[in-house]
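All remarks here apply to the structure that follows.
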Amino acid sequence: MTFEVLNMSLALPEMFMLAMACTILMVVAFLGKNSAKMAYVLSQLTLAVTAILIYQSFGDSGVTFDGTYIKDAFSDVLKLTICVINIAVLLYSTSYLKDRGLFKGEYYVLAIFSTLGMMIMVSAAHFLTIYLGLELMSLCMYAMVAMHRDSMISTEAAMKYFILGALASGMLLYGMSIIYGVTGNLEIAMVAQVIQAGSLDNTVLSFGLVFLVIGIGFKLGAVPFHMWLPDVYHGAPTAVTLFIATAPKIAAFAMTIRLLVDGLGDVQQHWQGMLIMLSVLSMIIGNVVAIAQANLKRMLAYSTISHIGFILLGILSGSQEGYAASMFYALVYSIMSLGAFGMIILMSRQGFEADNIDDYKGLSSRSPWYALMMLILMFSMAGIPPLVGFYAKLTVIKSIVDINLISVAIVAVMMSVIGAYYYLRIIKVMYFDKPIEQEELQAPTDMRVMISVNGLTVLALGVFPGSLLAVCASVFY
Amino acid sequence: MFTDLPLLSLLIWLPVLGGIAVLVNGDKNAWARPLSLLISVATLVLSIGLYTGFDSATHQMQFAEQASWISTFNINYALGIDGFSMPLIILTAFSTVLVVVAGWEVIKDRVSQYMAAFLIMEGLMIAVFASLDAILFYVFFEAMLIPLFLVIGIWGGPNRVYATIKFFLYTLFGSVFLLLALLYLHHVSGSFSILDFHAVSLTLQEQTYLFLAFLIAFAVKVPMWPVHTWLPDAHVEAPTGGSVILAAITLKIGGYGLIRFALPITPDASMALDWLLISLSLIAVVYIGFVALAQSDLKKLIAYSSIAHMGFVTLGLFVVFRIFVNTTDTSGAVLAVEGAMVQMISHGFIAAAMFLSVGVLYDRMHTREISAYGGVINTMPVFGGFAVFFAMANAGLPGTSGFVGEFMVILAAFQANFWFAFLAATTLILGAAYTLWMIKRVMFGEVANDDVAQLTDLNRREFWMLASLAIIVLVIGLWPAPLTDVMHSSVEHLLSQISQSKI
């Protein structure tokens, strides 16, 4: 009997993060009430060091832990982005949490564990690893949504999130078990091999596939599995919404690629039709319903749904270029959404949530710089060049034009025009309306710098999108 | 002297970066105005270099620049100009100087932002005319909407929000189809270069869809009837500078787009659908002419007159297919396309002059209602002289630039079909009717009221602004050869492209 030594070094970032998460947990447990500051610093340190570890091991790839864990260029890029985005998320949320008496160590412990879950999802080579990562991420997020215990709306959002999330996990697990039944494998690469070899019962495989797609649809928030999303975005404290709206989308995207492309890529014709429906419905419902929203968080939630529709476009194209386009879209979306929710946090003060669109009235005469940053973010989300959101839309639409799905492409561009309307409304409120109050916005220095970096990144990536596109392309081809 | 400079890049990035500098400088000191003037004049001077260095014997792209931009998709920063784009770039540079001068005293609120918006827009518009890569073109084509959206929305009239959102969504709706068409062409040709698109062969069905996509995009910009309704709203609500840029340049981008994309890429579909374009153009000339007659708002009247004049551009471009059918001689077709181009340039100057004149009145009286005026020439004799001159030019009086383009197109239309020429020629009556009637009501007669009686005549800034335009309108009207010479080889090249079937 031979023992294989596991190549642990491939998973060094995750192991470091796990160790640090436990350390922070201990610190919080022992220091009690005064631990928040300490937990915050340690969390940022953890994320930063993890990011460096990922960056240093760029290029190494391999499968370890008995085929359950994979490290490749795809996982490296996504994990690095997740860490960097979460550094920004924690930075944005601190003052918000302080103002609302939520500045507690638990928030950071949950955030770090959740990040760990995301990283595991991204690096999963096995159905069970995906599930493990997904649950670790989701359970932490349920708790984070419920952190504001006295708030009815937060509690309701958390309940809804938990129940629907659990349902979705159930669906996903059921789909996995059926596919296991057909292929006799849980390891994604092996599943792909068995399917490629052919001679499988396609009916049962498709049956399992349907449940997988439903689970993925729930986690991404694609129509018709989107109902939790606006309520959770609206109900959760904005700092938590910011957390939920950014990095987890990247993880969910990774899960989709791992399951549908890496695992079930050979039955692409079976899932393509389902994804077309999810995508078209998401773009239509997301964009149309967003118009009617008066609450910015709700509006951004519906806009998220429509962006998910666009991300699915690239995946459903079934081409390497399409996957790269979707990845680019997912990364860009998380950067834009980071900025937009960051802006809500910046505008909010003690006892005042700036989540109504009217709260932005006349922002450009109060604080021209912040208004400009928000303008950049909104035009970028609307997909107007020269901002990076345009290239995201361009690449995914290009990928479906290339497979001759012109009708879907037409729906996509029409929906982006409809979508432009509600983003323009934010700009209209900021630039064309008279301000209700006159005083300039006050914000801590780190947040000012962060929002500026965020907005200027969107602009800079818009003028020079080549390098990020090249990174995404290099992952797939 | 300019040959070793990347002149086109300078022309694009000097105003853009200059605009950003003005924006960053802010309103804390009084530098915003002089700095903007300096930048816009410098850009104009540089743009003259395009004219002096231009080789009018060739249709090849000149002043070409090429650099890799997005290597993954082989999207390049590819610039170059021919006889179509060069005059339009100079027109853009000139109009921006006017806009800066026109806003000098009038804009008191957020001056730096106003000037910066126009400077940045100048760079973007020059880039639209100079781009030889489809995605680069599209990026600038759309990016241009952002500053104009803000200009109308911030400094516009009472109904500005409605007008600017309508403008933005209308043009965005048109341009997304352009994007689809460009992506499809890339799918077919494997390149994003516009010149490669010209060479790709397409079936008639493909061409028809592509042509319709181009048509939606550029017809909204031109604007052609029936997708013109955003223009009167946008013009009425926009500040003077916004109206000038809208009329002088952005409309031309529609005509330019048809020349650069629709005609050479989809010649067979253009030929098959020329009846549609010709009918829409004639409707614009005749019907919109009548609509202009009924306007009571000065800016609205000029806006409708712009639509009618742009009808000549599209008529000139698409009547060539009928001329091809009738004769083998290309001189008629050359006349039509050159007429369309001259009409674009001339309309750029005349419409700018008309909107600036309305601006002069509006700054004093704060109304655009024709009925609020009367006998203005009694209190503003110098201004009255200019206004009458520009009105004559707008009506197409021989000796002004307005006459040249219209006359060339009408002459060419005769070779296609008598009735086309007949209907087009009604503009000479309608244009004269609505313009001169407006002038009669505003300028002549008794002094209408106390406000008019207290009007003061042009100051030096306004005088030179209008005088420079008057000189140009007169020069092009009397001696259009320098303008038609530079575009001649490009026009012939275009005609050789569209006379060859791509099926």
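Simple scheme: letters A, B, ... for chains in structure tokens order, numbers from 1 for residues in each chain, numbers from 1 for ligands in the order shown.
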- [ ] Give the residues of chain A that lie within 6 Å of chain B; count only C-alpha atoms, and format the answer as a PyMOL selection string.
- [x] chain A and resi 385-386+398+402+413+417+432+466+470
With N, CA and C atoms retained, could you export that selection as a PDB file, in the first residue's frame?
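The file below, result-v5.pdb, is the result:
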```
ATOM      1  N   PRO A 385     -19.721  53.656 -23.676  1.00  0.00           N
ATOM      2  CA  PRO A 385     -18.283  53.869 -23.733  1.00  0.00           C
ATOM      3  C   PRO A 385     -17.960  55.321 -23.415  1.00  0.00           C
ATOM      4  N   PRO A 386     -16.784  55.684 -23.026  1.00  0.00           N
ATOM      5  CA  PRO A 386     -15.596  54.861 -22.886  1.00  0.00           C
ATOM      6  C   PRO A 386     -15.446  54.278 -21.488  1.00  0.00           C
ATOM      7  N   LYS A 398     -20.827  40.102 -28.612  1.00  0.00           N
ATOM      8  CA  LYS A 398     -19.999  39.590 -29.709  1.00  0.00           C
ATOM      9  C   LYS A 398     -20.016  38.060 -29.709  1.00  0.00           C
ATOM     10  N   ASP A 402     -21.354  35.794 -32.783  1.00  0.00           N
ATOM     11  CA  ASP A 402     -20.465  34.840 -33.443  1.00  0.00           C
ATOM     12  C   ASP A 402     -21.077  33.454 -33.579  1.00  0.00           C
ATOM     13  N   VAL A 413     -29.437  44.062 -26.851  1.00  0.00           N
ATOM     14  CA  VAL A 413     -29.149  45.491 -27.053  1.00  0.00           C
ATOM     15  C   VAL A 413     -30.381  46.342 -26.760  1.00  0.00           C
ATOM     16  N   VAL A 417     -30.756  49.435 -23.894  1.00  0.00           N
ATOM     17  CA  VAL A 417     -31.293  50.795 -24.067  1.00  0.00           C
ATOM     18  C   VAL A 417     -32.310  51.092 -22.969  1.00  0.00           C
ATOM     19  N   PHE A 432     -29.190  67.424 -12.580  1.00  0.00           N
ATOM     20  CA  PHE A 432     -30.158  68.385 -13.099  1.00  0.00           C
ATOM     21  C   PHE A 432     -31.099  68.905 -12.024  1.00  0.00           C
ATOM     22  N   GLY A 466      -7.719  46.545 -22.743  1.00  0.00           N
ATOM     23  CA  GLY A 466      -6.971  45.452 -23.361  1.00  0.00           C
ATOM     24  C   GLY A 466      -6.392  44.458 -22.379  1.00  0.00           C
ATOM     25  N   ALA A 470      -7.275  40.587 -21.973  1.00  0.00           N
ATOM     26  CA  ALA A 470      -6.251  39.595 -22.295  1.00  0.00           C
ATOM     27  C   ALA A 470      -6.119  38.582 -21.171  1.00  0.00           C
TER      28      ALA A 470
END
```
With a distance cut-off of 7 Å and only C-alpha atoms, select the neighbouring residues of Gly348 of chain B, excluding the residue or stretch itself and same-chain residues fewer than 6 positions from it, and output the selection as a CSV table (one decimal) with N, CA and C atoms, in the first residue's frame.
```csv
chain,number,residue,atom,x,y,z
B,247,ALA,N,-26.4,71.1,-34.2
B,247,ALA,CA,-26.8,71.3,-35.6
B,247,ALA,C,-25.6,71.2,-36.5
B,248,ALA,N,-24.4,71.8,-36.0
B,248,ALA,CA,-23.3,71.9,-36.9
B,248,ALA,C,-22.6,70.6,-37.0
B,249,ILE,N,-22.5,69.8,-36.0
B,249,ILE,CA,-21.6,68.6,-36.0
B,249,ILE,C,-22.4,67.3,-35.9
```
Open item on the list: Considering only C-alpha atoms, can you say which of A:Asn287, A:Thr129, A:Thr46, A:Ser282 comes closest to Gly309 of chain A?
Closed with: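 Looking at the shortest contact to Gly309 of chain A, the residue is A:Ser282.
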TODO: Choose the residue, out of A:Ser154, A:Gln293, A:Ser306, A:Asn86, that has the smallest atom-to-atom separation from Val223 of chain A; count only C-alpha atoms.
DONE: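 Smallest separation from Val223 of chain A among the options: A:Ser306.
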Task: Close residues, His126 of chain A itself excluded, 6 Å, only C-alpha atoms, min 5 positions apart in chain, as a list in words - done: Thr68, Leu186, Glu187 and Ile188 of chain A
Hey, can you spit out that residue selection with C-alpha atoms as a JSON list (two decimals), in the first residue's frame?
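Result went into part17.json, see below:
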```json
[["chain", "number", "residue", "atom", "x", "y", "z"],
["A", 68, "THR", "CA", -11.37, 17.53, -5.14],
["A", 186, "LEU", "CA", -18.56, 13.18, -8.44],
["A", 187, "GLU", "CA", -15.25, 14.44, -9.66],
["A", 188, "ILE", "CA", -15.92, 17.05, -12.33]]
```
Open item on the list: Report as a count of residues only all protein, DNA and RNA residues lying within 10 Å of Ala443 of chain A, evaluated on only C-alpha atoms, omitting residues in the same chain fewer than 6 positions from it.
Closed with: 7
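In this structure, atom CA of Gly49 of chain B sits 11.7 Å away from atom CA of Pro87 of chain B.
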Task: Option closest in space to Gly123 of chain B, from B:Phe218, B:Trp13, B:Phe94, B:Tyr209 [counting only C-alpha atoms] - done: B:Trp13
TODO: For segment 29-42 of chain A, please output as a list in words all residues within 10 Å (counting only C-alpha atoms; exclusion window: fewer than 3 positions along the same chain).
DONE: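 Listing them by chain and then by number gives Met20, Ala21, Thr23, Ile24, Leu25, Met26, Leu45, Thr46, Leu47, Ala48, Leu90, Leu91, Thr94, Lys98, Leu102, Phe103, Lys104, Gly105, Glu106, Tyr107, Tyr108 and Val109 of chain A.
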Task: Selected residue of minimal separation from Gln207 of chain B among B:Ile503, B:Ile12, B:Ala470, B:Ala57, counting only C-alpha atoms - done: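 Of B:Ile503, B:Ile12, B:Ala470, B:Ala57, the one nearest Gln207 of chain B is B:Ile503, counting only C-alpha atoms.
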Open item on the list: Please identify the strand (DSSP E or B) residues within segment 8-87 of chain B (assignment by DSSP from backbone atoms) and present them as a list in words.
Closed with: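 Everything in segment 8-87 of chain B that counts as strand (DSSP E or B) is Gln62, Phe63, Ala64, Glu65, Gln66, Ala67, Ser68, Trp69, Ile70, Ile75, Asn76, Tyr77, Ala78, Leu79, Gly80 and Ile81 of chain B.
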Output file for the residues above (C-alpha atoms, as an mmCIF file, in the first residue's frame):
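New file out_38.cif:
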```cif
data_model
loop_
_atom_site.group_PDB
_atom_site.id
_atom_site.type_symbol
_atom_site.label_atom_id
_atom_site.label_comp_id
_atom_site.auth_asym_id
_atom_site.auth_seq_id
_atom_site.Cartn_x
_atom_site.Cartn_y
_atom_site.Cartn_z
ATOM 1 C CA GLN B 62 -4.002 60.179 -45.014
ATOM 2 C CA PHE B 63 -2.343 61.166 -41.749
ATOM 3 C CA ALA B 64 -2.793 57.504 -40.871
ATOM 4 C CA GLU B 65 -1.897 56.262 -37.415
ATOM 5 C CA GLN B 66 -2.106 52.747 -36.147
ATOM 6 C CA ALA B 67 -1.479 51.205 -32.753
ATOM 7 C CA SER B 68 -2.762 48.079 -31.096
ATOM 8 C CA TRP B 69 -5.454 48.858 -28.571
ATOM 9 C CA ILE B 70 -7.298 45.694 -27.572
ATOM 10 C CA ILE B 75 -9.116 46.163 -32.158
ATOM 11 C CA ASN B 76 -6.742 48.935 -33.157
ATOM 12 C CA TYR B 77 -6.317 52.587 -32.504
ATOM 13 C CA ALA B 78 -6.440 53.269 -36.238
ATOM 14 C CA LEU B 79 -6.873 56.810 -37.483
ATOM 15 C CA GLY B 80 -6.876 58.344 -40.923
ATOM 16 C CA ILE B 81 -8.809 60.846 -42.977
#
```
